[in-house]
>>> print(open('work.tsv').read())   # TSV, C-alpha atoms
chain	number	residue	atom	x	y	z
A	1	MET	CA	-27.32	-56.17	-177.43
A	2	LYS	CA	-29.52	-55.87	-174.35
A	3	SER	CA	-28.45	-53.55	-171.60
A	4	LEU	CA	-28.06	-54.78	-168.06
A	5	PHE	CA	-31.15	-52.74	-167.18
A	6	GLN	CA	-33.25	-54.63	-169.75
A	7	ILE	CA	-32.11	-57.95	-168.31
A	8	ILE	CA	-32.51	-57.12	-164.61
A	9	THR	CA	-35.81	-55.21	-164.73
A	10	PRO	CA	-38.03	-58.28	-165.46
A	11	LEU	CA	-36.34	-60.16	-162.61
A	12	LEU	CA	-37.39	-57.45	-160.19
A	13	PHE	CA	-41.02	-58.30	-160.96
A	14	ILE	CA	-40.62	-62.09	-160.95
A	15	MET	CA	-38.58	-62.55	-157.76
A	16	PRO	CA	-41.20	-61.06	-155.35
A	17	CYS	CA	-43.79	-63.52	-156.72
A	18	VAL	CA	-41.50	-66.51	-156.06
A	19	VAL	CA	-40.57	-65.28	-152.59
A	20	SER	CA	-44.21	-64.48	-151.80
A	21	ALA	CA	-45.38	-67.96	-152.82
A	22	GLN	CA	-42.69	-69.62	-150.71
A	23	ALA	CA	-43.56	-67.35	-147.78
A	24	GLY	CA	-47.22	-68.40	-148.11
A	25	LEU	CA	-46.26	-72.06	-148.05
A	26	ASP	CA	-43.96	-71.53	-145.07
A	27	ALA	CA	-46.78	-69.75	-143.22
A	28	ALA	CA	-49.20	-72.62	-143.95
A	29	LEU	CA	-46.72	-75.18	-142.58
A	30	ASN	CA	-45.86	-72.95	-139.61
A	31	LYS	CA	-49.48	-72.92	-138.48
A	32	GLY	CA	-50.18	-76.54	-139.47
A	33	SER	CA	-52.83	-75.69	-142.06
A	34	ALA	CA	-53.25	-78.52	-144.55
A	35	VAL	CA	-55.86	-76.54	-146.50
A	36	ASP	CA	-53.53	-73.54	-146.93
A	37	ALA	CA	-50.62	-75.82	-147.88
A	38	GLY	CA	-52.92	-77.61	-150.35
A	39	ALA	CA	-53.15	-74.42	-152.41
A	40	PHE	CA	-49.56	-75.16	-153.46
A	41	PHE	CA	-50.19	-78.82	-154.42
A	42	ALA	CA	-50.14	-80.08	-158.00
A	43	SER	CA	-53.34	-81.82	-159.12
A	44	ARG	CA	-51.68	-85.20	-158.34
A	45	LEU	CA	-48.71	-85.72	-156.09
A	46	ASP	CA	-46.62	-88.38	-154.45
A	47	ILE	CA	-46.93	-88.39	-150.70
A	48	SER	CA	-44.98	-90.25	-148.05
A	49	ILE	CA	-45.92	-89.23	-144.54
A	50	PRO	CA	-46.59	-91.24	-141.39
A	51	GLY	CA	-50.02	-92.79	-141.95
A	52	ALA	CA	-50.24	-92.21	-145.72
A	53	GLU	CA	-48.21	-93.15	-148.75
A	54	GLY	CA	-48.78	-93.22	-152.50
A	55	THR	CA	-49.78	-91.10	-155.45
A	56	MET	CA	-52.99	-89.22	-154.76
A	57	SER	CA	-55.11	-86.28	-155.81
A	58	SER	CA	-54.57	-82.89	-154.27
A	59	ALA	CA	-57.78	-83.26	-152.21
A	60	ASP	CA	-56.71	-86.65	-150.86
A	61	ALA	CA	-53.25	-85.30	-150.04
A	62	VAL	CA	-54.80	-82.39	-148.13
A	63	GLN	CA	-56.87	-84.87	-146.11
A	64	ALA	CA	-53.80	-87.03	-145.39
A	65	LEU	CA	-51.88	-83.93	-144.27
A	66	LYS	CA	-54.86	-82.85	-142.09
A	67	ASP	CA	-54.81	-86.27	-140.43
A	68	PHE	CA	-51.06	-85.97	-139.83
A	69	PHE	CA	-51.42	-82.46	-138.37
A	70	SER	CA	-54.28	-83.65	-136.12
A	71	ALA	CA	-52.08	-86.39	-134.67
A	72	ASN	CA	-49.01	-84.13	-134.49
A	73	LEU	CA	-50.01	-80.62	-133.43
A	74	VAL	CA	-47.66	-78.17	-135.14
A	75	LYS	CA	-45.61	-75.82	-132.99
A	76	GLY	CA	-43.63	-74.29	-135.87
A	77	TYR	CA	-41.79	-74.75	-139.14
A	78	ASN	CA	-38.34	-73.67	-140.27
A	79	ARG	CA	-37.29	-73.94	-143.92
A	80	ALA	CA	-33.63	-74.95	-143.97
A	81	HIS	CA	-32.99	-75.11	-147.72
A	82	LEU	CA	-34.57	-74.07	-151.01
A	83	THR	CA	-33.11	-74.71	-154.47
A	84	ALA	CA	-33.97	-73.46	-157.91
A	85	PRO	CA	-34.53	-75.93	-160.76
A	86	GLN	CA	-31.34	-76.72	-162.64
A	87	ASN	CA	-29.98	-79.25	-165.11
A	88	GLY	CA	-33.43	-80.76	-165.66
A	89	ARG	CA	-34.00	-81.31	-161.94
A	90	ALA	CA	-36.99	-79.93	-160.09
A	91	ALA	CA	-36.75	-77.32	-157.39
A	92	TYR	CA	-36.99	-78.64	-153.86
A	93	SER	CA	-37.22	-77.39	-150.32
A	94	LEU	CA	-36.52	-79.01	-147.00
A	95	GLY	CA	-37.20	-77.91	-143.49
A	96	ASP	CA	-37.99	-78.92	-139.95
A	97	LEU	CA	-41.54	-79.22	-138.65
A	98	TYR	CA	-41.77	-78.91	-134.88
A	99	THR	CA	-44.72	-80.79	-133.37
A	100	THR	CA	-45.97	-81.95	-130.01
A	101	ASN	CA	-44.56	-85.40	-130.91
A	102	GLY	CA	-41.09	-84.23	-131.91
A	103	THR	CA	-39.34	-82.79	-134.94
A	104	TYR	CA	-40.04	-84.04	-138.46
A	105	ARG	CA	-38.08	-83.31	-141.64
A	106	ILE	CA	-40.22	-82.16	-144.60
A	107	TYR	CA	-39.04	-82.59	-148.19
A	108	LEU	CA	-41.02	-80.76	-150.88
A	109	TYR	CA	-40.39	-81.22	-154.61
A	110	PHE	CA	-41.85	-78.75	-157.10
A	111	ASP	CA	-42.91	-79.25	-160.72
A	112	THR	CA	-42.29	-76.78	-163.55
A	113	GLU	CA	-45.39	-74.77	-162.53
A	114	LYS	CA	-43.91	-74.38	-159.02
A	115	LYS	CA	-46.57	-76.65	-157.54
A	116	ILE	CA	-45.67	-79.37	-155.02
A	117	SER	CA	-45.43	-82.67	-156.87
A	118	GLU	CA	-44.01	-84.69	-153.96
A	119	ILE	CA	-44.10	-84.32	-150.21
A	120	ARG	CA	-42.23	-86.48	-147.72
A	121	ILE	CA	-42.34	-86.15	-143.94
A	122	GLN	CA	-39.94	-88.22	-141.88
A	123	LYS	CA	-39.08	-88.36	-138.19
>>> encode(input="work.tsv", output="structure tokens")
Amino acid sequence: MKSLFQIITPLLFIMPCVVSAQAGLDAALNKGSAVDAGAFFASRLDISIPGAEGTMSSADAVQALKDFFSANLVKGYNRAHLTAPQNGRAAYSLGDLYTTNGTYRIYLYFDTEKKISEIRIQK
């Protein structure tokens, strides 16, 4: 039987990586950097943002997000919710993106490799 120490110790090494990755994504959205956010994109993802919709490559999604950020200068981002994957469902995050044209809600869905597989931005 494993001791509690043997169970908890690996988690102490894994959790900072997860928190660090999410912090990096939050920072990218906070400064409105599509390129930095693109580092967290899956190779193909579904995107639904004002001005762009469909399934596209990571590079095309970065360009669509750049266009969105150019038209809506980012003032800040606040993550409101983050879930872990459970019962066969992907992890997701939602937050508010504050721009010069108002507040948008961002929904991010993650695949099993913790890469963004879907992004939705709605007013």
>>> residues_near_point(input="work.tsv", point="(-40.6, -75.6, -166.9)", cutoff="12 Å", atoms="only C-alpha atoms", output="PyMOL selection string")
chain A and resi 84-91+110-115
>>> closest_atom_pairs(input="work.tsv", of="segment 65-97 of chain A", to="segment 42-56 of chain A", cutoff="9 Å", atoms="all atoms listed in the file", output="JSON lines")
{"residue": "A:Leu65", "atom": "CA", "partner": "A:Ile49", "partner_atom": "CA", "distance": 8.0}
{"residue": "A:Asp67", "atom": "CA", "partner": "A:Gly51", "partner_atom": "CA", "distance": 8.2}
{"residue": "A:Phe68", "atom": "CA", "partner": "A:Pro50", "partner_atom": "CA", "distance": 7.1}
>>> atom_distance(input="work.tsv", atom1="atom CA of Gln63 of chain A", atom2="atom CA of Thr83 of chain A")
27.2 Å
>>> closest_residue(input="work.tsv", among="A:Ser93, A:Leu29, A:Ala34, A:Ser57", to="Lys75 of chain A", atoms="all atoms listed in the file")
A:Leu29
>>> closest_residue(input="work.tsv", among="A:Asn30, A:Ser117, A:Gln122, A:Asn101", to="Ala71 of chain A", atoms="all atoms listed in the file")
A:Asn101
>>> build_atoms(input="work.tsv", residues="segment 101-116 of chain A", atoms="N, CA and C atoms", output="PDB file, in the frame of the given file")
ATOM      1  N   ASN A 101     -45.154 -84.055-130.959  1.00  0.00           N
ATOM      2  CA  ASN A 101     -44.560 -85.400-130.910  1.00  0.00           C
ATOM      3  C   ASN A 101     -43.128 -85.424-131.407  1.00  0.00           C
ATOM      4  N   GLY A 102     -42.476 -84.279-131.473  1.00  0.00           N
ATOM      5  CA  GLY A 102     -41.090 -84.230-131.910  1.00  0.00           C
ATOM      6  C   GLY A 102     -40.917 -83.480-133.221  1.00  0.00           C
ATOM      7  N   THR A 103     -39.701 -83.515-133.721  1.00  0.00           N
ATOM      8  CA  THR A 103     -39.340 -82.790-134.940  1.00  0.00           C
ATOM      9  C   THR A 103     -39.366 -83.746-136.131  1.00  0.00           C
ATOM     10  N   TYR A 104     -39.974 -83.288-137.216  1.00  0.00           N
ATOM     11  CA  TYR A 104     -40.040 -84.040-138.460  1.00  0.00           C
ATOM     12  C   TYR A 104     -39.321 -83.237-139.546  1.00  0.00           C
ATOM     13  N   ARG A 105     -38.716 -83.942-140.481  1.00  0.00           N
ATOM     14  CA  ARG A 105     -38.080 -83.310-141.640  1.00  0.00           C
ATOM     15  C   ARG A 105     -39.070 -83.369-142.795  1.00  0.00           C
ATOM     16  N   ILE A 106     -39.308 -82.230-143.455  1.00  0.00           N
ATOM     17  CA  ILE A 106     -40.220 -82.160-144.600  1.00  0.00           C
ATOM     18  C   ILE A 106     -39.414 -81.908-145.864  1.00  0.00           C
ATOM     19  N   TYR A 107     -39.639 -82.754-146.867  1.00  0.00           N
ATOM     20  CA  TYR A 107     -39.040 -82.590-148.190  1.00  0.00           C
ATOM     21  C   TYR A 107     -40.165 -82.257-149.163  1.00  0.00           C
ATOM     22  N   LEU A 108     -40.022 -81.178-149.896  1.00  0.00           N
ATOM     23  CA  LEU A 108     -41.020 -80.760-150.880  1.00  0.00           C
ATOM     24  C   LEU A 108     -40.349 -80.644-152.237  1.00  0.00           C
ATOM     25  N   TYR A 109     -40.907 -81.304-153.243  1.00  0.00           N
ATOM     26  CA  TYR A 109     -40.390 -81.220-154.610  1.00  0.00           C
ATOM     27  C   TYR A 109     -41.432 -80.506-155.464  1.00  0.00           C
ATOM     28  N   PHE A 110     -40.977 -79.583-156.300  1.00  0.00           N
ATOM     29  CA  PHE A 110     -41.850 -78.750-157.100  1.00  0.00           C
ATOM     30  C   PHE A 110     -41.766 -79.100-158.570  1.00  0.00           C
ATOM     31  N   ASP A 111     -42.899 -79.023-159.276  1.00  0.00           N
ATOM     32  CA  ASP A 111     -42.910 -79.250-160.720  1.00  0.00           C
ATOM     33  C   ASP A 111     -42.568 -77.945-161.448  1.00  0.00           C
ATOM     34  N   THR A 112     -42.666 -77.960-162.757  1.00  0.00           N
ATOM     35  CA  THR A 112     -42.290 -76.780-163.550  1.00  0.00           C
ATOM     36  C   THR A 112     -43.237 -75.605-163.331  1.00  0.00           C
ATOM     37  N   GLU A 113     -44.456 -75.856-162.837  1.00  0.00           N
ATOM     38  CA  GLU A 113     -45.390 -74.770-162.530  1.00  0.00           C
ATOM     39  C   GLU A 113     -45.247 -74.296-161.085  1.00  0.00           C
ATOM     40  N   LYS A 114     -44.189 -74.746-160.413  1.00  0.00           N
ATOM     41  CA  LYS A 114     -43.910 -74.380-159.020  1.00  0.00           C
ATOM     42  C   LYS A 114     -44.975 -74.884-158.053  1.00  0.00           C
ATOM     43  N   LYS A 115     -45.606 -75.986-158.414  1.00  0.00           N
ATOM     44  CA  LYS A 115     -46.570 -76.650-157.540  1.00  0.00           C
ATOM     45  C   LYS A 115     -45.872 -77.858-156.907  1.00  0.00           C
ATOM     46  N   ILE A 116     -46.292 -78.227-155.720  1.00  0.00           N
ATOM     47  CA  ILE A 116     -45.670 -79.370-155.020  1.00  0.00           C
ATOM     48  C   ILE A 116     -46.122 -80.651-155.704  1.00  0.00           C
TER      49      ILE A 116
END
